[in-house]
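Trainee: Contents of protein_21.json (JSON, C-alpha atoms) are given next:
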[["chain", "number", "residue", "atom", "x", "y", "z"],
["I", 1, "MET", "CA", 124.96, 121.47, 84.97],
["I", 2, "ASP", "CA", 121.54, 122.47, 86.36],
["I", 3, "ASN", "CA", 118.60, 120.08, 86.28],
["I", 4, "GLN", "CA", 115.95, 121.77, 84.10],
["I", 5, "ILE", "CA", 112.23, 121.07, 84.50],
["I", 6, "ASN", "CA", 109.53, 122.34, 82.13],
["I", 7, "LEU", "CA", 106.07, 122.82, 83.66],
["I", 8, "THR", "CA", 102.77, 124.24, 82.45],
["I", 9, "ALA", "CA", 100.27, 125.38, 85.09],
["I", 10, "ASP", "CA", 96.80, 123.80, 85.08],
["I", 11, "GLU", "CA", 93.81, 126.09, 84.61],
["I", 12, "LYS", "CA", 92.80, 125.72, 88.26],
["I", 13, "TYR", "CA", 95.98, 127.60, 89.24],
["I", 14, "ILE", "CA", 95.25, 130.71, 87.16],
["I", 15, "GLY", "CA", 95.62, 133.69, 89.48],
["I", 16, "ALA", "CA", 97.60, 131.73, 92.07],
["I", 17, "ARG", "CA", 101.08, 132.74, 93.18],
["I", 18, "VAL", "CA", 103.79, 130.85, 91.35],
["I", 19, "ASP", "CA", 105.55, 129.83, 94.58],
["I", 20, "LYS", "CA", 102.37, 128.28, 95.99],
["I", 21, "TRP", "CA", 101.72, 126.38, 92.75],
["I", 22, "LEU", "CA", 105.26, 125.04, 92.53],
["I", 23, "ALA", "CA", 105.19, 123.96, 96.17],
["I", 24, "GLU", "CA", 102.21, 121.76, 95.32],
["I", 25, "VAL", "CA", 103.62, 120.44, 92.06],
["I", 26, "LEU", "CA", 107.19, 119.87, 93.26],
["I", 27, "ASP", "CA", 106.11, 117.76, 96.21],
["I", 28, "ASP", "CA", 109.63, 117.17, 97.54],
["I", 29, "MET", "CA", 110.36, 120.89, 97.91],
["I", 30, "SER", "CA", 109.10, 123.21, 100.64],
["I", 31, "ARG", "CA", 107.58, 126.56, 99.82],
["I", 32, "SER", "CA", 110.60, 128.35, 101.31],
["I", 33, "ALA", "CA", 112.88, 126.32, 99.00],
["I", 34, "ILE", "CA", 110.70, 127.31, 96.03],
["I", 35, "GLN", "CA", 110.88, 130.95, 97.06],
["I", 36, "LYS", "CA", 114.67, 130.73, 97.16],
["I", 37, "LEU", "CA", 114.60, 129.38, 93.58],
["I", 38, "CYS", "CA", 112.59, 132.46, 92.59],
["I", 39, "ASP", "CA", 114.93, 134.79, 94.47],
["I", 40, "ASP", "CA", 117.87, 133.16, 92.69],
["I", 41, "LYS", "CA", 116.13, 133.79, 89.32],
["I", 42, "ARG", "CA", 115.79, 130.09, 88.62],
["I", 43, "VAL", "CA", 112.07, 130.21, 87.72],
["I", 44, "VAL", "CA", 111.77, 131.49, 84.17],
["I", 45, "LEU", "CA", 108.79, 132.48, 82.02],
["I", 46, "ASN", "CA", 109.27, 133.58, 78.38],
["I", 47, "GLY", "CA", 113.00, 133.99, 78.93],
["I", 48, "LYS", "CA", 112.62, 136.18, 82.03],
["I", 49, "ALA", "CA", 112.89, 135.25, 85.70],
["I", 50, "VAL", "CA", 109.67, 135.71, 87.70],
["I", 51, "ASN", "CA", 109.25, 136.80, 91.31],
["I", 52, "LYS", "CA", 107.82, 134.44, 93.90],
["I", 53, "ASN", "CA", 104.57, 136.47, 94.03],
["I", 54, "TYR", "CA", 103.99, 136.36, 90.26],
["I", 55, "LYS", "CA", 100.33, 135.49, 89.52],
["I", 56, "ILE", "CA", 99.88, 132.68, 87.00],
["I", 57, "SER", "CA", 98.11, 133.38, 83.69],
["I", 58, "GLN", "CA", 96.51, 130.89, 81.34],
["I", 59, "GLY", "CA", 99.01, 128.96, 79.23],
["I", 60, "ASP", "CA", 102.08, 129.99, 81.24],
["I", 61, "GLU", "CA", 104.96, 127.63, 80.57],
["I", 62, "PHE", "CA", 107.76, 127.79, 83.10],
["I", 63, "ILE", "CA", 111.33, 126.56, 83.10],
["I", 64, "ILE", "CA", 112.63, 125.69, 86.57],
["I", 65, "ASN", "CA", 116.41, 125.43, 86.82],
["I", 66, "LEU", "CA", 117.18, 123.32, 89.86],
["I", 67, "PRO", "CA", 120.73, 123.85, 91.12],
["I", 68, "ARG", "CA", 123.24, 121.11, 90.64],
["I", 69, "PRO", "CA", 123.23, 118.86, 93.71],
["I", 70, "GLN", "CA", 126.04, 119.61, 96.12],
["I", 71, "GLU", "CA", 128.78, 117.06, 96.37],
["I", 72, "LEU", "CA", 128.39, 114.87, 99.42],
["I", 73, "ASP", "CA", 130.57, 111.95, 100.33],
["I", 74, "LEU", "CA", 127.97, 109.31, 101.07],
["I", 75, "ILE", "CA", 129.50, 105.96, 101.87],
["I", 76, "PRO", "CA", 128.18, 102.83, 100.12],
["I", 77, "GLN", "CA", 127.66, 100.24, 102.83],
["I", 78, "ASN", "CA", 127.13, 96.50, 102.55],
["I", 79, "ILE", "CA", 123.91, 96.46, 104.55],
["I", 80, "PRO", "CA", 121.46, 93.60, 103.87],
["I", 81, "ILE", "CA", 118.23, 94.81, 102.27],
["I", 82, "ASP", "CA", 115.13, 92.86, 101.28],
["I", 83, "ILE", "CA", 114.81, 93.40, 97.52],
["I", 84, "VAL", "CA", 111.39, 92.27, 96.31],
["I", 85, "TYR", "CA", 111.98, 93.11, 92.64],
["I", 86, "GLU", "CA", 114.76, 94.58, 90.49],
["I", 87, "ASP", "CA", 115.41, 95.35, 86.83],
["I", 88, "GLU", "CA", 117.49, 97.85, 84.83],
["I", 89, "ASN", "CA", 115.28, 100.81, 85.73],
["I", 90, "LEU", "CA", 114.03, 100.34, 89.27],
["I", 91, "LEU", "CA", 113.85, 98.16, 92.33],
["I", 92, "VAL", "CA", 111.25, 97.55, 95.03],
["I", 93, "VAL", "CA", 112.52, 97.26, 98.59],
["I", 94, "ASN", "CA", 110.79, 95.95, 101.72],
["I", 95, "LYS", "CA", 112.18, 98.29, 104.40],
["I", 96, "PRO", "CA", 112.34, 97.06, 107.98],
["I", 97, "LYS", "CA", 111.14, 99.09, 110.95],
["I", 98, "GLY", "CA", 113.98, 101.17, 112.41],
["I", 99, "MET", "CA", 115.85, 101.84, 109.16],
["I", 100, "VAL", "CA", 116.20, 105.48, 108.05],
["I", 101, "VAL", "CA", 115.50, 105.92, 104.32],
["I", 102, "HIS", "CA", 117.99, 108.67, 103.49],
["I", 103, "PRO", "CA", 120.83, 110.47, 105.30],
["I", 104, "ALA", "CA", 120.04, 113.48, 107.47],
["I", 105, "PRO", "CA", 121.78, 115.28, 110.33],
["I", 106, "GLY", "CA", 122.65, 112.62, 112.88],
["I", 107, "ASN", "CA", 122.08, 109.77, 110.40],
["I", 108, "TYR", "CA", 124.71, 109.92, 107.66],
["I", 109, "ASP", "CA", 125.28, 106.19, 107.49],
["I", 110, "GLY", "CA", 123.37, 102.98, 108.07],
["I", 111, "THR", "CA", 120.50, 104.26, 105.91],
["I", 112, "LEU", "CA", 118.67, 102.62, 103.03],
["I", 113, "VAL", "CA", 120.48, 105.01, 100.66],
["I", 114, "ASN", "CA", 123.86, 103.81, 101.93],
["I", 115, "ALA", "CA", 122.75, 100.23, 101.28],
["I", 116, "LEU", "CA", 121.41, 101.09, 97.82],
["I", 117, "LEU", "CA", 124.62, 102.86, 96.81],
["I", 118, "TYR", "CA", 126.50, 99.65, 97.56],
["I", 119, "HIS", "CA", 123.99, 97.30, 95.94],
["I", 120, "CYS", "CA", 123.46, 99.40, 92.79],
["I", 121, "LYS", "CA", 127.11, 100.45, 92.55],
["I", 122, "GLY", "CA", 126.04, 104.10, 92.54],
["I", 123, "ARG", "CA", 123.58, 103.71, 89.66],
["I", 124, "LEU", "CA", 120.62, 105.61, 91.06],
["I", 125, "SER", "CA", 118.54, 108.57, 89.85],
["I", 126, "SER", "CA", 119.77, 112.05, 90.76],
["I", 127, "ILE", "CA", 116.55, 114.10, 90.63],
["I", 128, "ASN", "CA", 116.25, 114.30, 94.42],
["I", 129, "GLY", "CA", 119.90, 115.28, 94.82],
["I", 130, "VAL", "CA", 122.88, 113.42, 96.18],
["I", 131, "ILE", "CA", 121.38, 113.17, 99.65],
["I", 132, "ARG", "CA", 118.44, 111.10, 98.35],
["I", 133, "PRO", "CA", 119.63, 109.26, 95.21],
["I", 134, "GLY", "CA", 116.96, 106.98, 93.79],
["I", 135, "ILE", "CA", 114.38, 107.86, 96.42],
["I", 136, "VAL", "CA", 111.03, 108.49, 94.71],
["I", 137, "HIS", "CA", 108.89, 108.37, 97.85],
["I", 138, "ARG", "CA", 109.66, 107.81, 101.51],
["I", 139, "ILE", "CA", 108.34, 105.99, 104.52],
["I", 140, "ASP", "CA", 109.25, 106.95, 108.07],
["I", 141, "LYS", "CA", 112.06, 105.32, 110.02],
["I", 142, "ASP", "CA", 109.70, 103.31, 112.21],
["I", 143, "THR", "CA", 107.24, 102.48, 109.44],
["I", 144, "SER", "CA", 107.96, 99.19, 107.69],
["I", 145, "GLY", "CA", 107.13, 98.13, 104.17],
["I", 146, "LEU", "CA", 107.47, 98.65, 100.45],
["I", 147, "LEU", "CA", 108.93, 101.53, 98.50],
["I", 148, "VAL", "CA", 110.14, 101.86, 94.92],
["I", 149, "VAL", "CA", 113.61, 103.14, 94.02],
["I", 150, "ALA", "CA", 114.57, 104.59, 90.62],
["I", 151, "LYS", "CA", 117.88, 103.81, 88.94],
["I", 152, "ASP", "CA", 117.65, 106.56, 86.31],
["I", 153, "ASP", "CA", 116.13, 110.04, 86.02],
["I", 154, "ILE", "CA", 113.59, 109.13, 83.34],
["I", 155, "SER", "CA", 112.13, 106.37, 85.51],
["I", 156, "HIS", "CA", 112.19, 108.66, 88.54],
["I", 157, "ALA", "CA", 110.30, 111.41, 86.70],
["I", 158, "SER", "CA", 107.67, 108.96, 85.44],
["I", 159, "LEU", "CA", 107.11, 107.44, 88.89],
["I", 160, "SER", "CA", 106.92, 110.88, 90.51],
["I", 161, "GLU", "CA", 104.32, 111.97, 87.96],
["I", 162, "GLN", "CA", 102.25, 108.87, 88.71],
["I", 163, "ILE", "CA", 102.33, 109.76, 92.41],
["I", 164, "LYS", "CA", 101.28, 113.36, 91.69],
["I", 165, "SER", "CA", 98.43, 112.24, 89.41],
["I", 166, "HIS", "CA", 97.25, 109.67, 92.01],
["I", 167, "SER", "CA", 97.76, 106.72, 89.66],
["I", 168, "PHE", "CA", 100.48, 105.21, 91.89],
["I", 169, "ASP", "CA", 98.52, 103.22, 94.50],
["I", 170, "ARG", "CA", 99.88, 102.79, 98.03],
["I", 171, "PHE", "CA", 98.04, 100.75, 100.65],
["I", 172, "TYR", "CA", 99.02, 100.50, 104.31],
["I", 173, "GLN", "CA", 97.88, 98.55, 107.32],
["I", 174, "ALA", "CA", 97.82, 100.06, 110.79],
["I", 175, "VAL", "CA", 96.51, 99.48, 114.28],
["I", 176, "VAL", "CA", 95.01, 102.61, 115.81],
["I", 177, "TYR", "CA", 93.72, 103.47, 119.26],
["I", 178, "GLY", "CA", 89.99, 103.22, 119.88],
["I", 179, "ARG", "CA", 87.11, 101.67, 117.96],
["I", 180, "ILE", "CA", 86.21, 103.18, 114.60],
["I", 181, "LYS", "CA", 82.51, 102.56, 114.07],
["I", 182, "ASP", "CA", 82.16, 103.36, 110.37],
["I", 183, "GLU", "CA", 83.40, 100.57, 108.10],
["I", 184, "THR", "CA", 84.99, 103.06, 105.69],
["I", 185, "GLY", "CA", 85.92, 106.71, 105.79],
["I", 186, "THR", "CA", 88.04, 109.48, 104.30],
["I", 187, "VAL", "CA", 90.13, 112.12, 106.01],
["I", 188, "ASP", "CA", 90.45, 115.16, 103.76],
["I", 189, "ALA", "CA", 92.45, 117.73, 105.72],
["I", 190, "PRO", "CA", 95.47, 119.82, 104.60],
["I", 191, "ILE", "CA", 98.82, 119.15, 106.28],
["I", 192, "GLY", "CA", 101.63, 121.60, 106.98],
["I", 193, "ARG", "CA", 104.50, 122.18, 109.36],
["I", 194, "HIS", "CA", 103.54, 122.53, 113.04],
["I", 195, "PRO", "CA", 103.73, 126.23, 114.00],
["I", 196, "ILE", "CA", 105.64, 125.57, 117.24],
["I", 197, "ASP", "CA", 107.34, 122.18, 116.95],
["I", 198, "ARG", "CA", 108.99, 122.35, 113.52],
["I", 199, "LYS", "CA", 109.84, 118.64, 113.59],
["I", 200, "LYS", "CA", 106.14, 117.79, 113.58],
["I", 201, "MET", "CA", 103.39, 118.13, 111.00],
["I", 202, "CYS", "CA", 99.78, 119.03, 111.70],
["I", 203, "VAL", "CA", 96.42, 119.67, 110.07],
["I", 204, "THR", "CA", 96.44, 123.38, 109.24],
["I", 205, "ASP", "CA", 95.26, 125.85, 106.62],
["I", 206, "LYS", "CA", 98.50, 127.84, 106.86],
["I", 207, "ASN", "CA", 101.27, 127.00, 104.35],
["I", 208, "SER", "CA", 99.76, 123.54, 103.94],
["I", 209, "LYS", "CA", 99.17, 121.07, 101.12],
["I", 210, "GLU", "CA", 96.13, 119.01, 100.26],
["I", 211, "ALA", "CA", 96.14, 115.65, 102.03],
["I", 212, "VAL", "CA", 93.61, 112.83, 101.58],
["I", 213, "THR", "CA", 93.63, 109.44, 103.32],
["I", 214, "HIS", "CA", 91.02, 106.70, 102.82],
["I", 215, "TYR", "CA", 90.55, 103.95, 105.39],
["I", 216, "HIS", "CA", 88.68, 100.66, 105.74],
["I", 217, "VAL", "CA", 88.15, 98.76, 108.98],
["I", 218, "ILE", "CA", 89.59, 95.26, 108.87],
["I", 219, "LYS", "CA", 88.63, 94.38, 112.45],
["I", 220, "ASN", "CA", 87.54, 96.07, 115.65],
["I", 221, "TYR", "CA", 89.06, 95.07, 118.96],
["I", 222, "ARG", "CA", 88.09, 96.21, 122.45],
["I", 223, "ASP", "CA", 90.41, 99.22, 122.54],
["I", 224, "PHE", "CA", 91.94, 99.26, 119.06],
["I", 225, "THR", "CA", 91.03, 99.07, 115.37],
["I", 226, "HIS", "CA", 92.94, 97.27, 112.62],
["I", 227, "LEU", "CA", 92.80, 99.37, 109.43],
["I", 228, "ARG", "CA", 93.69, 99.23, 105.77],
["I", 229, "LEU", "CA", 94.51, 102.69, 104.43],
["I", 230, "LYS", "CA", 95.02, 104.14, 100.98],
["I", 231, "LEU", "CA", 97.04, 107.28, 100.37],
["I", 232, "GLU", "CA", 95.58, 109.60, 97.76],
["I", 233, "THR", "CA", 98.36, 112.11, 98.49],
["I", 234, "GLY", "CA", 101.70, 111.49, 100.14],
["I", 235, "ARG", "CA", 102.50, 114.20, 102.68],
["I", 236, "THR", "CA", 105.09, 113.83, 105.42],
["I", 237, "HIS", "CA", 103.67, 111.71, 108.28],
["I", 238, "GLN", "CA", 100.27, 111.81, 106.53],
["I", 239, "ILE", "CA", 98.62, 108.70, 107.99],
["I", 240, "ARG", "CA", 99.98, 109.40, 111.46],
["I", 241, "VAL", "CA", 98.77, 113.02, 111.41],
["I", 242, "HIS", "CA", 95.36, 112.21, 109.94],
["I", 243, "MET", "CA", 94.62, 109.36, 112.35],
["I", 244, "SER", "CA", 95.61, 111.53, 115.30],
["I", 245, "TYR", "CA", 93.46, 114.35, 113.91],
["I", 246, "ILE", "CA", 90.30, 112.18, 113.98],
["I", 247, "GLY", "CA", 91.08, 110.95, 117.49],
["I", 248, "HIS", "CA", 92.51, 107.54, 116.56],
["I", 249, "PRO", "CA", 96.31, 107.87, 116.56],
["I", 250, "VAL", "CA", 98.44, 104.98, 115.36],
["I", 251, "ALA", "CA", 99.34, 102.61, 118.18],
["I", 252, "GLY", "CA", 102.91, 103.05, 119.40],
["I", 253, "ASP", "CA", 103.38, 106.44, 117.71],
["I", 254, "PRO", "CA", 105.64, 108.44, 120.07],
["I", 255, "VAL", "CA", 105.03, 111.74, 118.25],
["I", 256, "TYR", "CA", 101.33, 111.88, 117.41],
["I", 257, "GLY", "CA", 100.00, 109.18, 119.73],
["I", 258, "ASN", "CA", 98.94, 108.90, 123.34],
["I", 259, "LYS", "CA", 101.25, 110.15, 126.05],
["I", 260, "LYS", "CA", 101.55, 106.61, 127.39],
["I", 261, "VAL", "CA", 103.40, 105.05, 124.46],
["I", 262, "ILE", "CA", 103.28, 101.30, 123.78],
["I", 263, "THR", "CA", 107.02, 100.80, 124.00],
["I", 264, "GLU", "CA", 107.01, 97.16, 122.85],
["I", 265, "LEU", "CA", 106.17, 98.36, 119.32],
["I", 266, "ASN", "CA", 109.30, 100.54, 119.09],
["I", 267, "GLY", "CA", 107.40, 103.10, 117.07],
["I", 268, "GLN", "CA", 104.12, 103.26, 115.16],
["I", 269, "CYS", "CA", 102.28, 100.09, 114.16],
["I", 270, "LEU", "CA", 102.17, 101.03, 110.48],
["I", 271, "HIS", "CA", 103.16, 98.93, 107.47],
["I", 272, "ALA", "CA", 103.32, 99.92, 103.77],
["I", 273, "GLN", "CA", 101.88, 96.67, 102.50],
["I", 274, "THR", "CA", 101.01, 97.18, 98.83],
["I", 275, "ILE", "CA", 102.19, 99.32, 95.94],
["I", 276, "GLU", "CA", 100.87, 99.34, 92.38],
["I", 277, "PHE", "CA", 102.17, 101.43, 89.47],
["I", 278, "VAL", "CA", 102.93, 101.39, 85.75],
["I", 279, "HIS", "CA", 106.50, 100.49, 84.84],
["I", 280, "PRO", "CA", 108.08, 103.71, 83.49],
["I", 281, "VAL", "CA", 109.77, 101.96, 80.55],
["I", 282, "THR", "CA", 107.75, 98.83, 79.68],
["I", 283, "GLY", "CA", 104.31, 100.26, 80.49],
["I", 284, "GLN", "CA", 103.49, 97.05, 82.37],
["I", 285, "LYS", "CA", 101.24, 97.20, 85.44],
["I", 286, "MET", "CA", 103.36, 96.33, 88.48],
["I", 287, "PHE", "CA", 101.88, 95.03, 91.75],
["I", 288, "PHE", "CA", 103.75, 94.14, 94.93],
["I", 289, "GLU", "CA", 102.52, 93.06, 98.34],
["I", 290, "SER", "CA", 104.47, 92.25, 101.50],
["I", 291, "GLN", "CA", 103.40, 90.17, 104.47],
["I", 292, "LEU", "CA", 102.72, 91.87, 107.76],
["I", 293, "PRO", "CA", 105.97, 91.84, 109.78],
["I", 294, "GLU", "CA", 106.34, 89.94, 113.02],
["I", 295, "TYR", "CA", 106.07, 92.99, 115.30],
["I", 296, "PHE", "CA", 102.68, 93.76, 113.72],
["I", 297, "THR", "CA", 101.22, 90.24, 113.89],
["I", 298, "ASN", "CA", 102.51, 89.74, 117.46],
["I", 299, "PHE", "CA", 100.74, 92.91, 118.56],
["I", 300, "LEU", "CA", 97.50, 91.85, 116.85],
["I", 301, "SER", "CA", 97.63, 88.49, 118.64],
["I", 302, "LYS", "CA", 97.67, 90.24, 122.03],
["I", 303, "LEU", "CA", 94.67, 92.49, 121.40],
["I", 304, "LYS", "CA", 91.48, 91.66, 123.25],
["I", 305, "GLU", "CA", 88.42, 90.65, 121.27],
["I", 306, "ASP", "CA", 85.04, 92.31, 121.86]]
Represent the structure contained in this file as structure tokens.

Mentor:
Amino acid sequence: MDNQINLTADEKYIGARVDKWLAEVLDDMSRSAIQKLCDDKRVVLNGKAVNKNYKISQGDEFIINLPRPQELDLIPQNIPIDIVYEDENLLVVNKPKGMVVHPAPGNYDGTLVNALLYHCKGRLSSINGVIRPGIVHRIDKDTSGLLVVAKDDISHASLSEQIKSHSFDRFYQAVVYGRIKDETGTVDAPIGRHPIDRKKMCVTDKNSKEAVTHYHVIKNYRDFTHLRLKLETGRTHQIRVHMSYIGHPVAGDPVYGNKKVITELNGQCLHAQTIEFVHPVTGQKMFFESQLPEYFTNFLSKLKED
């Protein structure tokens, strides 16, 4: 059975192409994936399928029929995971650096999803398909820290909506190259796929999505800055791309950082420290904070003071 989503376009999207609007609203789907849904007649308005270039009118109410997730034999694995909180509807996990969140080509086991399938005995939300059960939002393999996992589709939908409406707060800490003089700042620059290296993201106006990152300087060092960052949006590699864009890439980042990588960090010095959201069932305000991991504090201790 298909997964059916009902969506009404906001007034600001009147006149916009339906595929562009859906690519912004359905944050986990690329524009090409949205266009395929349209080509397959899975985007319906008033009982009729619409083309990908259909221009939105006021009051349009769409039905999006997402295809049933393909069967995939993911193996539950008894991998230790740091569970910060758990109830019937969700759990909060403190992911270590080096762990992949969900399976992908070349990484079909040993992931957080494999561990969750074992721990939750398969009871995870299905909205993101069988390849990403329970995964509401992601953090990169070499980024450590907190993420929330949904056990049912209702909780998943509520949490996703909070992320889209910017009421799900996510704070990170990072060490970046160079000294940032201003105590606070905001990077408001759209992010899309890199035109040449398709594994990378970049700041671009072409086929991009709005991306906003706020930062606050915790401490300046001689050659680095320790930052606290808040995500207003949650694009792929957002903090890493935005910091590189303003000339202060995250220390240790092998993709967006300096050519001479700080190998001792084994990836970017970036930690998802705090998350805050409303519980999708109880309505209670939930707040979780994790300590900076050892790799992060060890690196800070070696930085030279002014």

Trainee: Would you pick out the contacts of range 110-127 of chain I at 7 Å or less, using all atoms listed in the file, so that residues sharing its chain but fewer than 4 positions from it are not included, and give the list as a list in words?

Mentor: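 Near range 110-127 of chain I, the qualifying residues are Leu74, Ile75, Pro76, Gln77, Asn78, Ile79, Met99, Val100, Val101, His102, Pro103, Arg132, Pro133, Gly134, Ala150, Lys151, Asp152, Asp153 and His156 of chain I.
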
Trainee: Near range 298-302 of chain I, counting all atoms listed in the file, which residues have an atom at most 12 Å away, once you skip same-chain residues fewer than 6 positions from it, shown as a list in words?

Mentor: Gln173, Ala174, Val175, Val176, Ile218, Lys219, Asn220, Tyr221, Arg222, Asp223, Phe224, Thr225, His226, Leu227, Ala251, Gly252, Ile262, Thr263, Glu264, Leu265, Asn266, Gln268, Cys269, Leu270 and Leu292 of chain I

Trainee: At most 9 Å from (103.7, 124.1, 85.5), file frame, only C-alpha atoms: which residues, as a list of chain:residue names?

Mentor: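 Residues found, by chain and rising number: I:Asn6, I:Leu7, I:Thr8, I:Ala9, I:Asp10, I:Val18, I:Trp21, I:Leu22, I:Val25, I:Asp60, I:Glu61, I:Phe62, I:Ile63.
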
Trainee: With C-alpha atoms kept, could you save the residues just selected as a JSON list (two decimals), in the coordinates of the input?

Mentor:
[["chain", "number", "residue", "atom", "x", "y", "z"],
["I", 6, "ASN", "CA", 109.53, 122.34, 82.13],
["I", 7, "LEU", "CA", 106.07, 122.82, 83.66],
["I", 8, "THR", "CA", 102.77, 124.24, 82.45],
["I", 9, "ALA", "CA", 100.27, 125.38, 85.09],
["I", 10, "ASP", "CA", 96.80, 123.80, 85.08],
["I", 18, "VAL", "CA", 103.79, 130.85, 91.35],
["I", 21, "TRP", "CA", 101.72, 126.38, 92.75],
["I", 22, "LEU", "CA", 105.26, 125.04, 92.53],
["I", 25, "VAL", "CA", 103.62, 120.44, 92.06],
["I", 60, "ASP", "CA", 102.08, 129.99, 81.24],
["I", 61, "GLU", "CA", 104.96, 127.63, 80.57],
["I", 62, "PHE", "CA", 107.76, 127.79, 83.10],
["I", 63, "ILE", "CA", 111.33, 126.56, 83.10]]

Trainee: With 12 Å as the threshold, what does the neighbourhood of (103.0, 102.1, 84.4) contain in terms of residues, counting only C-alpha atoms? Coordinates are those of the file; answer as a JSON list (two decimals) with C-alpha atoms, keeping the file's coordinate frame.

Mentor:
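File result.json, as written:
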[["chain", "number", "residue", "atom", "x", "y", "z"],
["I", 155, "SER", "CA", 112.13, 106.37, 85.51],
["I", 158, "SER", "CA", 107.67, 108.96, 85.44],
["I", 159, "LEU", "CA", 107.11, 107.44, 88.89],
["I", 160, "SER", "CA", 106.92, 110.88, 90.51],
["I", 161, "GLU", "CA", 104.32, 111.97, 87.96],
["I", 162, "GLN", "CA", 102.25, 108.87, 88.71],
["I", 163, "ILE", "CA", 102.33, 109.76, 92.41],
["I", 167, "SER", "CA", 97.76, 106.72, 89.66],
["I", 168, "PHE", "CA", 100.48, 105.21, 91.89],
["I", 169, "ASP", "CA", 98.52, 103.22, 94.50],
["I", 275, "ILE", "CA", 102.19, 99.32, 95.94],
["I", 276, "GLU", "CA", 100.87, 99.34, 92.38],
["I", 277, "PHE", "CA", 102.17, 101.43, 89.47],
["I", 278, "VAL", "CA", 102.93, 101.39, 85.75],
["I", 279, "HIS", "CA", 106.50, 100.49, 84.84],
["I", 280, "PRO", "CA", 108.08, 103.71, 83.49],
["I", 281, "VAL", "CA", 109.77, 101.96, 80.55],
["I", 282, "THR", "CA", 107.75, 98.83, 79.68],
["I", 283, "GLY", "CA", 104.31, 100.26, 80.49],
["I", 284, "GLN", "CA", 103.49, 97.05, 82.37],
["I", 285, "LYS", "CA", 101.24, 97.20, 85.44],
["I", 286, "MET", "CA", 103.36, 96.33, 88.48],
["I", 287, "PHE", "CA", 101.88, 95.03, 91.75]]

Trainee: Could you pull the residues within 12 Å of Lys199 in chain I, counting only C-alpha atoms, minus those fewer than 5 positions along the same chain, as number ranges by chain?

Mentor: I: 192-194, 236-237, 255-256

Trainee: Can you report as lines of an AutoDock Vina configuration file the centre and edge lengths in Å, to one decimal, of an axis-aligned box around the listed atoms of range 252-269 of chain I padded with 5 Å on each side?

Mentor:
center_x = 104.1
center_y = 104.5
center_z = 120.8
size_x = 20.4
size_y = 24.7
size_z = 23.2

Trainee: One number please: CA of Gln273 in chain I to CA of Arg228 in chain I, in Å, one decimal.

Mentor: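 Computing the Euclidean distance for CA of Gln273 in chain I and CA of Arg228 in chain I yields 9.2 Å.
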
Trainee: I'd like to know which of I:Asn89, I:Asn207, I:Ser165, I:Gln4 is closest to Ser32 in chain I, using all atoms listed in the file.

Mentor: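 With all atoms listed in the file as the atom set, the closest residue is I:Asn207.
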